[in-house]
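**Q** The structure's right below; bear with me while I get my questions together.
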Amino acid sequence: MNMNMNRSAFLGPILILLGVFMFLKGDVSFSSGTIFQYFWPTLFVIPIGVFFHWLYFFIMQRRGVGVLVPGGILLTAGIVCQISALFDIWHLMWPGFMLAVAVGLFELYWFGGRNKYLLIPINILTVMSLLFFAIFSISSIFGTLFHNNSIIAIGLIVVGGLMMVIRGRN
């Protein structure tokens with residue numbers, strides 16, 4: 001029974017991920033190359049990050065807090081890479097790599113001796129990452145909405161015309 005529970009706990013999320021991927025990318029044919037192309041972070045990077053966490057919490061009995069730094073970095077970077085690979089949004093997700101370092105350092109802070117000086121780089125990296133996420137996301141949204149300059153031109157003509165009509169009435 002325990003072996004079946006472990007197998008379903010492992011295979012269940014993978015099947016869900018594959019199903020969501022197939023739904024979103026309906027025209028992709030599956031092969032081993034396709035699986036590696038889209039799921040290399042889940043196959044290689046995320047498990048190493050999980051391994052470092054498992055090592056700290058279960059093997060080292062919470063004594064070697066330093067393994068959480070690469071664990072947090074790899075886990076966060078793996079998630080960033082997985083989202084980027086699935087949705088092809090590398091141009092939006094790159095600030096996640098700065099956030100990955102902040103997560104690794106935050107785990108060191110949280111589970112370590114709570115050295116308050118670690119909060120300086122953690123906060124700087126987090127704010128920079130969130131700022132870049134916001135800037136590039138908003139830029140991408142506006143670029144998608146207004147990719148045709150004729151829409152902007154028509155908007156400027158209408159606004160300019162309204163300003164002239166309103167000024168003429170005064």
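Chain identifiers are assigned as A, B, and so on, following the order in which chains appear in the structure tokens; residues are numbered from 1 within each chain, and ligands are numbered from 1 in order of appearance.
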So that I can check the surroundings of segment 80-82 of chain A, please list as a list in words every protein, DNA and RNA residue that reaches within 10 Å of it, counting only C-alpha atoms and ignoring chain neighbours fewer than 6 positions away.

**A** Tyr38, Phe39, Trp40, Pro41, Thr42, Leu43, Val45, Ile46, Leu74, Asp88, Ile89, Trp90, Met93, Trp94, Pro95, Gly96, Phe97, Leu99 and Ala100 of chain A

**Q** Among segment 29-157 of chain A, which ones does DSSP assign to alpha helix (DSSP H) (computed from the backbone)? Answer as JSON, numbers by chain.

**A** {"A": [32, 33, 34, 35, 36, 37, 38, 39, 40, 46, 47, 48, 49, 50, 51, 52, 53, 54, 68, 69, 70, 71, 72, 73, 74, 75, 76, 77, 78, 79, 80, 81, 82, 83, 84, 85, 86, 87, 90, 91, 92, 93, 96, 97, 98, 99, 100, 101, 102, 103, 104, 105, 106, 107, 108, 109, 110, 111, 119, 120, 121, 122, 123, 124, 125, 126, 127, 128, 129, 130, 131, 132, 133, 134, 135, 136, 137, 138, 139, 140, 141, 142, 143, 144, 145, 149, 150, 151, 152, 153, 154, 155, 156, 157]}

**Q** Go ahead and compute the interatomic distance for atom CA of Val50 of chain A and atom CA of Ile122 of chain A, in Å to one decimal.

**A** 21.0 Å

**Q** Using only C-alpha atoms, which of the listed residues (A:Gly104, A:Met163, A:Ala85, A:Asn123) sits closest to Thr34 of chain A?

**A**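 So, comparing all the options, the nearest one is A:Ala85.
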
**Q** If you measure from atom CA of Ile59 of chain A to atom CA of Arg114 of chain A, what distance in Å do you get, rounded to one decimal?

**A** 22.0 Å

**Q** Please identify all polymer residues within 12 Å of Ala134 of chain A, counting only C-alpha atoms, omitting same-chain residues fewer than 3 positions from it, and present them as a PDB file with C-alpha atoms, in the first residue's frame.

**A**
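For reference, selection.pdb as written:
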```pdb
ATOM      1  CA  LEU A  92       9.358  38.308 -18.498  1.00  0.00           C
ATOM      2  CA  MET A  93      10.659  35.753 -16.011  1.00  0.00           C
ATOM      3  CA  TRP A  94      14.366  36.634 -15.859  1.00  0.00           C
ATOM      4  CA  PRO A  95      13.959  38.729 -12.655  1.00  0.00           C
ATOM      5  CA  GLY A  96      13.062  35.454 -10.963  1.00  0.00           C
ATOM      6  CA  VAL A 127      12.611  44.717  -4.387  1.00  0.00           C
ATOM      7  CA  MET A 128      14.745  44.759  -7.546  1.00  0.00           C
ATOM      8  CA  SER A 129      13.192  41.504  -8.726  1.00  0.00           C
ATOM      9  CA  LEU A 130       9.621  42.653  -8.085  1.00  0.00           C
ATOM     10  CA  LEU A 131      10.339  46.031  -9.682  1.00  0.00           C
ATOM     11  CA  SER A 137       5.134  42.745 -17.321  1.00  0.00           C
ATOM     12  CA  ILE A 138       3.450  46.126 -17.772  1.00  0.00           C
ATOM     13  CA  SER A 139       5.637  46.809 -20.788  1.00  0.00           C
ATOM     14  CA  SER A 140       4.680  43.463 -22.306  1.00  0.00           C
ATOM     15  CA  ILE A 141       0.970  44.058 -21.663  1.00  0.00           C
TER      16      ILE A 141
END
```

**Q** Can you pull out every residue within 9 Å of Val67 of chain A, counting only C-alpha atoms, but drop anything in the same chain fewer than 3 positions away, and send it as an MDAnalysis selection string?

**A** chainID A and resid 52:53 55:56 64 70:72 108

**Q** One decimal, Å: what's the distance from atom CA of Phe106 of chain A over to atom CA of Pro47 of chain A, could you say?

**A**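 According to the coordinates, atom CA of Phe106 of chain A and atom CA of Pro47 of chain A are separated by 19.8 Å.
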
**Q** At a cut-off of 12 Å, using only C-alpha atoms, what residues contact Ile120 of chain A? Leave out same-chain residues fewer than 5 positions from it and give the result as a PyMOL selection string.

**A** chain A and resi 102+105-106+109+115+125-127

**Q** With distances taken over only C-alpha atoms, which residue among A:Ile14, A:Val103, A:Met164, A:Val20 lies nearest Leu119 of chain A?

**A**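 Looking only at the distances to Leu119 of chain A, the closest residue turns out to be A:Val103.
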